[in-house]
Amino acid sequence: MPTIRVKLHKAGYPIVVGSNQATRLRSLIEARKSIQRLFVFYDAQLYALHSDYMRAAFKGWETLEFVLPRGERTKSQTTLGRLHDFLLTASISRSDFILACGGGVTTDVVGFAAATVLRGVSWGAVPSTLLGMVDAAIGGKTGINSPQGKNLIGAFWQPSFVLCDTRLLKTLPRRQMVAGLGEVAKYGGIEGEALLEPLSRLLSKDDLYDERLLARIIFRSAAAKARIVTSDERDMGVRMLLNLGHTFAHGIEKAAGYGRILHGEAVIIGLLAAWELSVLTGARETSKMTAYRSIIEQLLRHIPYRRVELDAVWHAMALDKKRQERKLRFVLLSRPGRAFLCDTVEVRAAKKALDRSLRRYAETGGTDAKNTGRQRPKP
Ligand SMILES: NC(=O)c1ccc[n+]([C@@H]2O[C@H](COP(=O)([O-])OP(=O)(O)OC[C@H]3O[C@@H](n4cnc5c(N)ncnc54)[C@H](O)[C@@H]3O)[C@@H](O)[C@H]2O)c1
Ligand SMILES: [Zn+2]
């Protein structure tokens, strides 16, 4: 798989995608010639499952390890304080290097610790979830949550490299895999065929863990995000397209109760709503649009069923306060590969699209979900 080069205003960095990349990880660190010591931070689950494999890459360097508890609560002031303490007690210097190995939680909080300790120390990201590989580790946004809300404290701090090793995904729980595929389907809407083709092949197989297809999917998704954030490093314009399905998704996550539906799962339902809204506002139901819908629907069947009420989502989206004549802003599709920002969406159309997608989720959600610990209620 070729290396993706993220070109930025000040400096660029590579994103590497492949299987069994321990040697490559080693050479990426070696390429930074002046490195004295490595500070390696792991997600606890990744540490339990893969630290022996990963350590082989660090041989020869003085390595200090730190294991982070899993879960969203780790993105906190408390953890950040512990990371700073650990780094400063060990007298970190700018010739040391920080590595964040884990999902989006790990790369967000460790990246932010790297951004803030000594006003910025170099770091590398080894994302270990699909969502981390295609989204969280790319774009340079780092940060933590606060009692007032998610991701409210943070900084833009670009890594020196991002290494996506598909081998690590073998142990990723299926639900997390599907959630990551939700973000991939979002890129598919923005990018079109180049991504939708391998995604639809993966979904038609019985094996969501096919490493070769996953590598292609990750490569194309990461390249898409890298291209979009490069053209819009500070999150002002085109980057908005990355919100496809997300206005709905945020409302769905909130209405369901955070954690009951994973973010990537809510994105799948949100993409269906965005598809419906696109058609309601004029997109033609071409064969490509229908094929895109079918991919979203296949993913929908993998999400565990949860009761989600239309009015609760609408309320969570803070749209119930908007007057009927007010126009809303959404990312829409004229076809897969053609996403655009629309400022003139009618309130009524948005609610109808959301209603249709929630109904579809209620009908088919959970049909293919395995081991989610929750059965669909009997009709
Ligand atoms: N910075 C950004 O631009 C950006 C973008 C999107 C999301 N995010 C953030 O990312 C976070 C979500 O990331 P996530 O979905 O990766 O969640 P996560 O980091 O919590 O990981 C999900 C779960 O997978 C486990 N896990 C990780 N790697 C594993 C592996 N290889 N095998 C088995 N289990 C493994 C973890 O222990 C955890 O329980 C959120 O906090 C979100 O705000 C940030
Ligand atoms: Zn998202």
# chains A, B, ... in the order shown; residues from 1 in each chain; ligands from 1
>>> residues_near_ligand(ligand="ligand 2", cutoff="8 Å", atoms="only C-alpha atoms and all ligand atoms", output="list in words")
Asp135, Glu183, Leu242, Asn243, His246, His263, Gly264 and Val267 of chain A
>>> write_last_selection(atoms="N, CA, C and O atoms", output="PDB file, in the first residue's frame")
ATOM      1  N   ASP A 135     -10.297   8.060  11.071  1.00  0.00           N
ATOM      2  CA  ASP A 135     -10.839   9.351  11.488  1.00  0.00           C
ATOM      3  C   ASP A 135     -10.012  10.016  12.592  1.00  0.00           C
ATOM      4  O   ASP A 135      -9.299  10.992  12.352  1.00  0.00           O
ATOM      5  N   GLU A 183     -18.248   5.349   9.723  1.00  0.00           N
ATOM      6  CA  GLU A 183     -17.467   6.510   9.255  1.00  0.00           C
ATOM      7  C   GLU A 183     -16.960   6.268   7.830  1.00  0.00           C
ATOM      8  O   GLU A 183     -16.903   7.193   7.016  1.00  0.00           O
ATOM      9  N   LEU A 242     -17.281  16.672   6.096  1.00  0.00           N
ATOM     10  CA  LEU A 242     -17.075  15.498   6.956  1.00  0.00           C
ATOM     11  C   LEU A 242     -18.230  15.331   7.938  1.00  0.00           C
ATOM     12  O   LEU A 242     -18.296  14.339   8.654  1.00  0.00           O
ATOM     13  N   ASN A 243     -19.105  16.319   7.997  1.00  0.00           N
ATOM     14  CA  ASN A 243     -20.278  16.212   8.873  1.00  0.00           C
ATOM     15  C   ASN A 243     -21.443  15.488   8.220  1.00  0.00           C
ATOM     16  O   ASN A 243     -22.540  15.459   8.796  1.00  0.00           O
ATOM     17  N   HIS A 246     -23.886  13.662  10.298  1.00  0.00           N
ATOM     18  CA  HIS A 246     -23.514  13.879  11.693  1.00  0.00           C
ATOM     19  C   HIS A 246     -24.467  14.748  12.496  1.00  0.00           C
ATOM     20  O   HIS A 246     -24.543  14.594  13.707  1.00  0.00           O
ATOM     21  N   HIS A 263     -20.995   6.114  18.626  1.00  0.00           N
ATOM     22  CA  HIS A 263     -21.010   7.238  17.690  1.00  0.00           C
ATOM     23  C   HIS A 263     -21.114   6.751  16.235  1.00  0.00           C
ATOM     24  O   HIS A 263     -21.964   7.216  15.476  1.00  0.00           O
ATOM     25  N   GLY A 264     -20.258   5.801  15.879  1.00  0.00           N
ATOM     26  CA  GLY A 264     -20.256   5.312  14.490  1.00  0.00           C
ATOM     27  C   GLY A 264     -21.569   4.638  14.111  1.00  0.00           C
ATOM     28  O   GLY A 264     -21.977   4.658  12.945  1.00  0.00           O
ATOM     29  N   VAL A 267     -23.927   7.323  13.352  1.00  0.00           N
ATOM     30  CA  VAL A 267     -23.595   7.880  12.035  1.00  0.00           C
ATOM     31  C   VAL A 267     -24.310   7.094  10.933  1.00  0.00           C
ATOM     32  O   VAL A 267     -24.795   7.670   9.954  1.00  0.00           O
TER      33      VAL A 267
END
>>> residues_near_ligand(ligand="ligand 1", cutoff="8 Å", atoms="only C-alpha atoms and all ligand atoms", output="PyMOL selection string")
chain A and resi 43-46+49-50+69-72+75+102-108+127-132+135-144+150-151+168-173+176+179-180+262-264
>>> write_last_selection(atoms="C-alpha atoms", output="short mmCIF file (atom, residue, chain, number, x, y, z; two decimals), in the first residue's frame")
data_model
loop_
_atom_site.label_atom_id
_atom_site.label_comp_id
_atom_site.auth_asym_id
_atom_site.auth_seq_id
_atom_site.Cartn_x
_atom_site.Cartn_y
_atom_site.Cartn_z
CA ASP A 43 -4.99 1.68 25.63
CA ALA A 44 -5.39 -1.02 28.36
CA GLN A 45 -7.06 -3.51 26.04
CA LEU A 46 -4.49 -3.03 23.32
CA LEU A 49 -3.58 -8.10 23.57
CA HIS A 50 -0.72 -6.68 21.51
CA PRO A 69 -7.76 2.86 31.24
CA ARG A 70 -10.19 2.17 28.42
CA GLY A 71 -13.28 4.21 27.77
CA GLU A 72 -14.40 7.74 27.02
CA LYS A 75 -10.42 11.81 28.01
CA GLY A 102 -4.96 2.82 20.95
CA GLY A 103 -8.34 4.04 19.73
CA GLY A 104 -9.53 7.62 19.38
CA VAL A 105 -9.66 8.08 23.12
CA THR A 106 -5.94 7.33 23.44
CA THR A 107 -4.76 9.33 20.43
CA ASP A 108 -6.91 12.33 21.48
CA PRO A 127 -4.43 3.87 15.97
CA SER A 128 -5.80 0.44 16.88
CA THR A 129 -9.51 0.81 16.12
CA LEU A 130 -11.01 1.22 12.66
CA LEU A 131 -12.49 4.55 13.72
CA GLY A 132 -9.07 5.66 14.93
CA ASP A 135 -10.84 9.35 11.49
CA ALA A 136 -9.58 10.18 14.98
CA ALA A 137 -5.83 9.87 14.36
CA ILE A 138 -5.95 11.99 11.21
CA GLY A 139 -6.28 15.74 11.08
CA GLY A 140 -4.27 16.84 14.10
CA LYS A 141 -7.20 17.51 16.44
CA THR A 142 -6.28 16.46 19.97
CA GLY A 143 -8.14 17.03 23.20
CA ILE A 144 -10.22 15.98 26.16
CA LYS A 150 -17.23 16.58 24.65
CA ASN A 151 -13.95 17.72 23.06
CA LEU A 168 -4.33 -4.95 15.39
CA LEU A 169 -7.93 -5.00 14.13
CA LYS A 170 -8.16 -8.79 14.38
CA THR A 171 -9.11 -8.45 18.05
CA LEU A 172 -11.42 -5.45 17.68
CA PRO A 173 -14.96 -6.26 18.90
CA GLN A 176 -16.51 -1.37 17.17
CA ALA A 179 -19.06 1.62 14.09
CA GLY A 180 -15.81 2.31 12.21
CA LEU A 262 -21.87 4.10 19.62
CA HIS A 263 -21.01 7.24 17.69
CA GLY A 264 -20.26 5.31 14.49
#
>>> residues_around(residues="A:Arg360", least_positions_apart="3", cutoff="10 Å", atoms="only C-alpha atoms", output="list in words")
Ile269, Leu272, Ala273, Glu297, Leu300, Arg301, Leu354, Asp355, Arg356, Ser357, Glu363, Thr364 and Gly365 of chain A
>>> write_last_selection(atoms="N, CA and C atoms", output="PDB file, in the first residue's frame")
ATOM      1  N   ILE A 269     -27.230   5.522  11.095  1.00  0.00           N
ATOM      2  CA  ILE A 269     -28.640   5.961  11.052  1.00  0.00           C
ATOM      3  C   ILE A 269     -28.709   7.383  10.486  1.00  0.00           C
ATOM      4  N   LEU A 272     -28.459   7.461   6.756  1.00  0.00           N
ATOM      5  CA  LEU A 272     -29.723   7.114   6.106  1.00  0.00           C
ATOM      6  C   LEU A 272     -30.646   8.337   6.090  1.00  0.00           C
ATOM      7  N   ALA A 273     -30.653   9.091   7.197  1.00  0.00           N
ATOM      8  CA  ALA A 273     -31.472  10.315   7.238  1.00  0.00           C
ATOM      9  C   ALA A 273     -30.955  11.321   6.200  1.00  0.00           C
ATOM     10  N   GLU A 297     -27.998   0.463   4.482  1.00  0.00           N
ATOM     11  CA  GLU A 297     -28.983  -0.466   5.050  1.00  0.00           C
ATOM     12  C   GLU A 297     -28.327  -1.746   5.559  1.00  0.00           C
ATOM     13  N   LEU A 300     -26.891  -0.943   8.806  1.00  0.00           N
ATOM     14  CA  LEU A 300     -27.963  -0.747   9.786  1.00  0.00           C
ATOM     15  C   LEU A 300     -28.348  -2.064  10.459  1.00  0.00           C
ATOM     16  N   ARG A 301     -28.323  -3.127   9.685  1.00  0.00           N
ATOM     17  CA  ARG A 301     -28.707  -4.437  10.218  1.00  0.00           C
ATOM     18  C   ARG A 301     -27.720  -4.954  11.255  1.00  0.00           C
ATOM     19  N   LEU A 354     -35.582  12.262   8.995  1.00  0.00           N
ATOM     20  CA  LEU A 354     -35.188  11.618  10.248  1.00  0.00           C
ATOM     21  C   LEU A 354     -36.200  10.538  10.624  1.00  0.00           C
ATOM     22  N   ASP A 355     -37.469  10.861  10.483  1.00  0.00           N
ATOM     23  CA  ASP A 355     -38.534   9.903  10.806  1.00  0.00           C
ATOM     24  C   ASP A 355     -38.379   8.638   9.960  1.00  0.00           C
ATOM     25  N   ARG A 356     -38.135   8.829   8.659  1.00  0.00           N
ATOM     26  CA  ARG A 356     -37.991   7.661   7.775  1.00  0.00           C
ATOM     27  C   ARG A 356     -36.809   6.794   8.201  1.00  0.00           C
ATOM     28  N   SER A 357     -35.697   7.432   8.546  1.00  0.00           N
ATOM     29  CA  SER A 357     -34.518   6.623   8.880  1.00  0.00           C
ATOM     30  C   SER A 357     -34.704   5.905  10.217  1.00  0.00           C
ATOM     31  N   GLU A 363     -37.263  -1.131  12.096  1.00  0.00           N
ATOM     32  CA  GLU A 363     -37.669  -2.355  11.391  1.00  0.00           C
ATOM     33  C   GLU A 363     -36.538  -3.360  11.264  1.00  0.00           C
ATOM     34  N   THR A 364     -35.336  -2.864  10.943  1.00  0.00           N
ATOM     35  CA  THR A 364     -34.272  -3.819  10.583  1.00  0.00           C
ATOM     36  C   THR A 364     -33.054  -3.785  11.498  1.00  0.00           C
ATOM     37  N   GLY A 365     -32.936  -2.766  12.335  1.00  0.00           N
ATOM     38  CA  GLY A 365     -31.763  -2.658  13.211  1.00  0.00           C
ATOM     39  C   GLY A 365     -31.620  -3.908  14.058  1.00  0.00           C
TER      40      GLY A 365
END
>>> atom_distance(atom1="atom CA of A:Thr3", atom2="atom CA of A:Ile15")
5.9 Å
>>> select_by_dssp(residues="stretch 262-332 of chain A", states="helix (DSSP H, G or I)", output="number ranges by chain")
A: 263-280, 287-300, 310-316
>>> write_last_selection(atoms="N, CA, C and O atoms", output="short mmCIF file (atom, residue, chain, number, x, y, z; two decimals), in the first residue's frame")
data_model
loop_
_atom_site.label_atom_id
_atom_site.label_comp_id
_atom_site.auth_asym_id
_atom_site.auth_seq_id
_atom_site.Cartn_x
_atom_site.Cartn_y
_atom_site.Cartn_z
N HIS A 263 -20.99 6.11 18.63
CA HIS A 263 -21.01 7.24 17.69
C HIS A 263 -21.11 6.75 16.24
O HIS A 263 -21.96 7.22 15.48
N GLY A 264 -20.26 5.80 15.88
CA GLY A 264 -20.26 5.31 14.49
C GLY A 264 -21.57 4.64 14.11
O GLY A 264 -21.98 4.66 12.95
N GLU A 265 -22.23 4.03 15.10
CA GLU A 265 -23.54 3.42 14.83
C GLU A 265 -24.58 4.51 14.56
O GLU A 265 -25.39 4.40 13.63
N ALA A 266 -24.53 5.57 15.36
CA ALA A 266 -25.45 6.69 15.14
C ALA A 266 -25.19 7.32 13.77
O ALA A 266 -26.12 7.79 13.10
N VAL A 267 -23.93 7.32 13.35
CA VAL A 267 -23.60 7.88 12.04
C VAL A 267 -24.31 7.09 10.93
O VAL A 267 -24.79 7.67 9.95
N ILE A 268 -24.41 5.78 11.10
CA ILE A 268 -25.08 4.95 10.08
C ILE A 268 -26.56 5.38 9.95
O ILE A 268 -27.06 5.61 8.85
N ILE A 269 -27.23 5.52 11.09
CA ILE A 269 -28.64 5.96 11.05
C ILE A 269 -28.71 7.38 10.49
O ILE A 269 -29.59 7.72 9.69
N GLY A 270 -27.74 8.22 10.88
CA GLY A 270 -27.69 9.61 10.40
C GLY A 270 -27.45 9.67 8.89
O GLY A 270 -27.99 10.54 8.20
N LEU A 271 -26.65 8.74 8.37
CA LEU A 271 -26.40 8.72 6.92
C LEU A 271 -27.67 8.36 6.16
O LEU A 271 -27.93 8.90 5.08
N LEU A 272 -28.46 7.46 6.76
CA LEU A 272 -29.72 7.11 6.11
C LEU A 272 -30.65 8.34 6.09
O LEU A 272 -31.30 8.62 5.08
N ALA A 273 -30.65 9.09 7.20
CA ALA A 273 -31.47 10.31 7.24
C ALA A 273 -30.96 11.32 6.20
O ALA A 273 -31.75 11.97 5.50
N ALA A 274 -29.63 11.44 6.09
CA ALA A 274 -29.06 12.38 5.10
C ALA A 274 -29.42 11.95 3.69
O ALA A 274 -29.68 12.77 2.81
N TRP A 275 -29.43 10.63 3.46
CA TRP A 275 -29.82 10.09 2.15
C TRP A 275 -31.28 10.47 1.85
O TRP A 275 -31.60 10.97 0.78
N GLU A 276 -32.14 10.23 2.83
CA GLU A 276 -33.56 10.55 2.65
C GLU A 276 -33.74 12.04 2.39
O GLU A 276 -34.51 12.44 1.52
N LEU A 277 -33.03 12.84 3.15
CA LEU A 277 -33.16 14.29 3.01
C LEU A 277 -32.66 14.74 1.63
O LEU A 277 -33.25 15.62 1.00
N SER A 278 -31.59 14.13 1.17
CA SER A 278 -31.06 14.47 -0.16
C SER A 278 -32.12 14.21 -1.21
O SER A 278 -32.36 15.03 -2.11
N VAL A 279 -32.78 13.05 -1.10
CA VAL A 279 -33.81 12.69 -2.10
C VAL A 279 -35.02 13.61 -1.96
O VAL A 279 -35.57 14.10 -2.96
N LEU A 280 -35.40 13.90 -0.71
CA LEU A 280 -36.55 14.79 -0.50
C LEU A 280 -36.30 16.19 -1.06
O LEU A 280 -37.22 16.89 -1.44
N SER A 287 -29.15 4.67 -9.94
CA SER A 287 -28.69 3.36 -9.45
C SER A 287 -27.56 3.54 -8.43
O SER A 287 -27.45 2.79 -7.47
N LYS A 288 -26.74 4.58 -8.63
CA LYS A 288 -25.64 4.81 -7.67
C LYS A 288 -26.18 5.22 -6.30
O LYS A 288 -25.68 4.81 -5.26
N MET A 289 -27.21 6.08 -6.33
CA MET A 289 -27.82 6.48 -5.04
C MET A 289 -28.46 5.26 -4.37
O MET A 289 -28.34 5.07 -3.16
N THR A 290 -29.11 4.42 -5.14
CA THR A 290 -29.75 3.23 -4.58
C THR A 290 -28.70 2.27 -4.02
O THR A 290 -28.89 1.69 -2.95
N ALA A 291 -27.58 2.14 -4.74
CA ALA A 291 -26.52 1.25 -4.25
C ALA A 291 -25.95 1.79 -2.93
O ALA A 291 -25.63 1.02 -2.01
N TYR A 292 -25.83 3.12 -2.84
CA TYR A 292 -25.31 3.71 -1.60
C TYR A 292 -26.27 3.43 -0.45
O TYR A 292 -25.88 3.05 0.64
N ARG A 293 -27.55 3.59 -0.72
CA ARG A 293 -28.54 3.31 0.31
C ARG A 293 -28.44 1.85 0.78
O ARG A 293 -28.53 1.55 1.96
N SER A 294 -28.24 0.97 -0.17
CA SER A 294 -28.18 -0.45 0.18
C SER A 294 -26.98 -0.74 1.11
O SER A 294 -27.08 -1.55 2.03
N ILE A 295 -25.87 -0.04 0.89
CA ILE A 295 -24.71 -0.20 1.79
C ILE A 295 -25.08 0.28 3.20
O ILE A 295 -24.80 -0.40 4.20
N ILE A 296 -25.72 1.44 3.27
CA ILE A 296 -26.11 1.97 4.59
C ILE A 296 -27.08 0.99 5.26
O ILE A 296 -26.97 0.70 6.46
N GLU A 297 -28.00 0.46 4.48
CA GLU A 297 -28.98 -0.47 5.05
C GLU A 297 -28.33 -1.75 5.56
O GLU A 297 -28.74 -2.30 6.57
N GLN A 298 -27.32 -2.21 4.83
CA GLN A 298 -26.61 -3.41 5.31
C GLN A 298 -25.95 -3.14 6.65
O GLN A 298 -25.96 -3.98 7.55
N LEU A 299 -25.36 -1.97 6.77
CA LEU A 299 -24.71 -1.62 8.04
C LEU A 299 -25.75 -1.50 9.16
O LEU A 299 -25.50 -1.91 10.29
N LEU A 300 -26.89 -0.94 8.81
CA LEU A 300 -27.96 -0.75 9.79
C LEU A 300 -28.35 -2.06 10.46
O LEU A 300 -28.64 -2.11 11.65
N LEU A 310 -38.39 9.72 17.78
CA LEU A 310 -38.19 10.86 16.87
C LEU A 310 -38.15 12.19 17.63
O LEU A 310 -37.22 12.99 17.45
N ASP A 311 -39.11 12.41 18.50
CA ASP A 311 -39.17 13.71 19.18
C ASP A 311 -37.97 13.94 20.08
O ASP A 311 -37.49 15.06 20.21
N ALA A 312 -37.49 12.85 20.68
CA ALA A 312 -36.31 12.98 21.56
C ALA A 312 -35.09 13.39 20.73
O ALA A 312 -34.29 14.23 21.15
N VAL A 313 -34.95 12.79 19.55
CA VAL A 313 -33.80 13.15 18.69
C VAL A 313 -33.94 14.59 18.22
O VAL A 313 -32.98 15.38 18.27
N TRP A 314 -35.14 14.92 17.81
CA TRP A 314 -35.39 16.29 17.33
C TRP A 314 -35.07 17.30 18.41
O TRP A 314 -34.41 18.31 18.17
N HIS A 315 -35.48 16.98 19.62
CA HIS A 315 -35.21 17.86 20.76
C HIS A 315 -33.69 17.94 21.00
O HIS A 315 -33.14 19.02 21.19
N ALA A 316 -33.04 16.78 20.95
CA ALA A 316 -31.58 16.75 21.18
C ALA A 316 -30.84 17.54 20.10
O ALA A 316 -29.77 18.10 20.34
#
>>> residues_around(residues="A:Ser91", least_positions_apart="4", cutoff="12 Å", atoms="only C-alpha atoms", output="mmCIF file with C-alpha atoms, in the first residue's frame")
data_model
loop_
_atom_site.group_PDB
_atom_site.id
_atom_site.type_symbol
_atom_site.label_atom_id
_atom_site.label_comp_id
_atom_site.auth_asym_id
_atom_site.auth_seq_id
_atom_site.Cartn_x
_atom_site.Cartn_y
_atom_site.Cartn_z
ATOM 1 C CA GLN A 36 16.618 9.862 22.887
ATOM 2 C CA ARG A 37 13.790 8.076 24.647
ATOM 3 C CA PHE A 39 7.297 7.395 25.894
ATOM 4 C CA LEU A 64 8.930 4.212 29.227
ATOM 5 C CA HIS A 84 1.796 15.391 32.445
ATOM 6 C CA ASP A 85 3.029 14.133 35.824
ATOM 7 C CA PHE A 86 4.413 10.979 34.301
ATOM 8 C CA LEU A 87 6.205 12.856 31.511
ATOM 9 C CA SER A 95 14.481 15.145 21.955
ATOM 10 C CA ASP A 96 12.224 12.428 23.345
ATOM 11 C CA VAL A 117 3.916 19.322 27.747
ATOM 12 C CA LEU A 118 6.942 21.631 27.293
#
>>> closest_residue(among="A:Ser221, A:Thr89, A:Thr230, A:Ser146", to="A:Gln158", atoms="only C-alpha atoms")
A:Thr230
>>> residues_around(residues="A:Ala100", least_positions_apart="6", cutoff="7 Å", atoms="only C-alpha atoms", output="number ranges by chain")
A: 40-42, 106-107, 110, 124-126
>>> write_last_selection(atoms="all heavy atoms", output="short mmCIF file (atom, residue, chain, number, x, y, z; two decimals), in the first residue's frame")
data_model
loop_
_atom_site.label_atom_id
_atom_site.label_comp_id
_atom_site.auth_asym_id
_atom_site.auth_seq_id
_atom_site.Cartn_x
_atom_site.Cartn_y
_atom_site.Cartn_z
N VAL A 40 5.82 5.51 25.52
CA VAL A 40 4.77 4.78 24.79
C VAL A 40 3.53 4.65 25.66
O VAL A 40 3.58 4.12 26.77
CB VAL A 40 5.27 3.38 24.37
CG1 VAL A 40 4.21 2.69 23.50
CG2 VAL A 40 6.58 3.48 23.61
N PHE A 41 2.41 5.15 25.14
CA PHE A 41 1.12 5.10 25.86
C PHE A 41 0.21 4.12 25.15
O PHE A 41 0.03 4.20 23.94
CB PHE A 41 0.48 6.49 25.88
CG PHE A 41 1.29 7.48 26.68
CD1 PHE A 41 2.32 8.19 26.09
CD2 PHE A 41 1.03 7.67 28.03
CE1 PHE A 41 3.08 9.08 26.84
CE2 PHE A 41 1.77 8.56 28.77
CZ PHE A 41 2.80 9.27 28.18
N TYR A 42 -0.37 3.20 25.93
CA TYR A 42 -1.26 2.19 25.36
C TYR A 42 -2.65 2.29 25.95
O TYR A 42 -2.80 2.49 27.17
CB TYR A 42 -0.80 0.77 25.73
CG TYR A 42 0.53 0.31 25.24
CD1 TYR A 42 1.66 0.46 26.05
CD2 TYR A 42 0.67 -0.34 24.02
CE1 TYR A 42 2.89 -0.02 25.63
CE2 TYR A 42 1.90 -0.82 23.60
CZ TYR A 42 3.01 -0.66 24.42
OH TYR A 42 4.21 -1.13 24.01
N THR A 106 -7.37 7.27 23.14
CA THR A 106 -5.94 7.33 23.44
C THR A 106 -5.23 8.38 22.60
O THR A 106 -4.47 9.20 23.12
CB THR A 106 -5.30 5.94 23.20
OG1 THR A 106 -6.06 4.97 23.92
CG2 THR A 106 -3.85 5.90 23.63
N THR A 107 -5.49 8.37 21.27
CA THR A 107 -4.76 9.33 20.43
C THR A 107 -5.18 10.76 20.75
O THR A 107 -4.35 11.68 20.70
CB THR A 107 -4.91 9.00 18.93
OG1 THR A 107 -6.29 8.80 18.61
CG2 THR A 107 -4.15 7.74 18.56
N VAL A 110 -3.56 11.54 24.51
CA VAL A 110 -2.09 11.50 24.49
C VAL A 110 -1.56 12.58 23.54
O VAL A 110 -0.56 13.26 23.83
CB VAL A 110 -1.57 10.09 24.12
CG1 VAL A 110 -0.06 10.08 23.94
CG2 VAL A 110 -1.99 9.07 25.18
N GLY A 124 3.83 10.31 17.69
CA GLY A 124 3.35 9.49 16.58
C GLY A 124 2.09 8.77 17.02
O GLY A 124 1.90 8.52 18.21
N ALA A 125 1.21 8.44 16.06
CA ALA A 125 -0.03 7.76 16.41
C ALA A 125 -0.05 6.36 15.80
O ALA A 125 0.25 6.20 14.61
CB ALA A 125 -1.23 8.58 15.89
N VAL A 126 -0.38 5.38 16.63
CA VAL A 126 -0.62 4.03 16.14
C VAL A 126 -2.07 3.69 16.50
O VAL A 126 -2.34 3.09 17.53
CB VAL A 126 0.36 3.00 16.78
CG1 VAL A 126 0.14 1.61 16.19
CG2 VAL A 126 1.79 3.45 16.59
#
>>> residues_around(residues="A:Arg201", least_positions_apart="2", cutoff="12 Å", atoms="only C-alpha atoms", output="short mmCIF file (atom, residue, chain, number, x, y, z; two decimals) with N, CA, C and O atoms, in the first residue's frame")
data_model
loop_
_atom_site.label_atom_id
_atom_site.label_comp_id
_atom_site.auth_asym_id
_atom_site.auth_seq_id
_atom_site.Cartn_x
_atom_site.Cartn_y
_atom_site.Cartn_z
N GLU A 193 -17.38 6.08 -5.63
CA GLU A 193 -17.09 4.68 -6.00
C GLU A 193 -15.79 4.12 -5.42
O GLU A 193 -15.75 2.97 -4.97
N ALA A 194 -14.71 4.91 -5.40
CA ALA A 194 -13.41 4.40 -4.96
C ALA A 194 -13.50 3.76 -3.58
O ALA A 194 -12.79 2.81 -3.27
N LEU A 195 -14.38 4.27 -2.76
CA LEU A 195 -14.54 3.71 -1.42
C LEU A 195 -15.73 2.77 -1.32
O LEU A 195 -15.71 1.79 -0.59
N LEU A 196 -16.76 3.09 -2.06
CA LEU A 196 -17.97 2.28 -1.95
C LEU A 196 -17.77 0.88 -2.52
O LEU A 196 -18.35 -0.08 -2.03
N GLU A 197 -16.90 0.79 -3.51
CA GLU A 197 -16.67 -0.54 -4.12
C GLU A 197 -16.04 -1.50 -3.10
O GLU A 197 -16.63 -2.56 -2.82
N PRO A 198 -14.89 -1.17 -2.47
CA PRO A 198 -14.35 -2.14 -1.49
C PRO A 198 -15.26 -2.31 -0.27
O PRO A 198 -15.33 -3.39 0.30
N LEU A 199 -15.97 -1.24 0.11
CA LEU A 199 -16.86 -1.36 1.27
C LEU A 199 -17.99 -2.34 0.97
O LEU A 199 -18.32 -3.21 1.79
N LEU A 203 -18.84 -5.93 2.86
CA LEU A 203 -20.13 -6.22 3.48
C LEU A 203 -20.79 -7.45 2.86
O LEU A 203 -21.56 -8.13 3.52
N SER A 204 -20.45 -7.73 1.61
CA SER A 204 -21.09 -8.90 0.99
C SER A 204 -20.37 -10.20 1.41
O SER A 204 -20.88 -11.29 1.19
N LYS A 205 -19.18 -10.06 2.01
CA LYS A 205 -18.49 -11.26 2.52
C LYS A 205 -19.04 -11.58 3.90
O LYS A 205 -19.64 -10.72 4.55
N ASP A 206 -18.75 -12.74 4.38
CA ASP A 206 -19.21 -13.07 5.72
C ASP A 206 -18.20 -12.59 6.75
O ASP A 206 -18.41 -12.72 7.95
N ASP A 207 -17.09 -12.01 6.25
CA ASP A 207 -15.97 -11.71 7.13
C ASP A 207 -15.65 -10.21 7.10
O ASP A 207 -15.03 -9.72 6.17
N LEU A 208 -16.07 -9.51 8.17
CA LEU A 208 -15.79 -8.06 8.22
C LEU A 208 -14.32 -7.79 8.53
O LEU A 208 -13.90 -6.65 8.56
N TYR A 209 -13.57 -8.86 8.79
CA TYR A 209 -12.17 -8.70 9.22
C TYR A 209 -11.17 -9.01 8.10
O TYR A 209 -9.99 -9.20 8.38
N ASP A 210 -11.64 -9.07 6.87
CA ASP A 210 -10.75 -9.37 5.75
C ASP A 210 -9.68 -8.27 5.65
O ASP A 210 -9.97 -7.13 5.30
N ARG A 212 -7.14 -7.64 3.68
CA ARG A 212 -6.79 -6.98 2.42
C ARG A 212 -7.81 -5.90 2.06
O ARG A 212 -7.46 -4.79 1.67
N LEU A 213 -9.09 -6.26 2.21
CA LEU A 213 -10.12 -5.26 1.91
C LEU A 213 -10.07 -4.12 2.92
O LEU A 213 -10.21 -2.95 2.56
N LEU A 214 -9.84 -4.48 4.18
CA LEU A 214 -9.77 -3.42 5.20
C LEU A 214 -8.64 -2.46 4.90
O LEU A 214 -8.79 -1.24 5.03
N ARG A 216 -7.42 -1.62 2.03
CA ARG A 216 -7.83 -0.71 0.93
C ARG A 216 -8.80 0.36 1.44
O ARG A 216 -8.71 1.54 1.09
N ILE A 217 -9.74 -0.11 2.27
CA ILE A 217 -10.76 0.80 2.80
C ILE A 217 -10.11 1.87 3.69
O ILE A 217 -10.43 3.06 3.60
N ILE A 295 -25.87 -0.04 0.89
CA ILE A 295 -24.71 -0.20 1.79
C ILE A 295 -25.08 0.28 3.20
O ILE A 295 -24.80 -0.40 4.20
N GLN A 298 -27.32 -2.21 4.83
CA GLN A 298 -26.61 -3.41 5.31
C GLN A 298 -25.95 -3.14 6.65
O GLN A 298 -25.96 -3.98 7.55
#
>>> atom_distance(atom1="atom CA of A:Arg307", atom2="atom CA of A:Met177")
21.7 Å
>>> closest_residue(among="A:Ala113, A:Val134, A:Ala256, A:Leu241", to="A:Val17", atoms="only C-alpha atoms")
A:Val134
>>> residues_around(residues="A:Gly120", least_positions_apart="4", cutoff="12 Å", atoms="only C-alpha atoms", output="number ranges by chain")
A: 84, 92-98, 110-116, 155-159
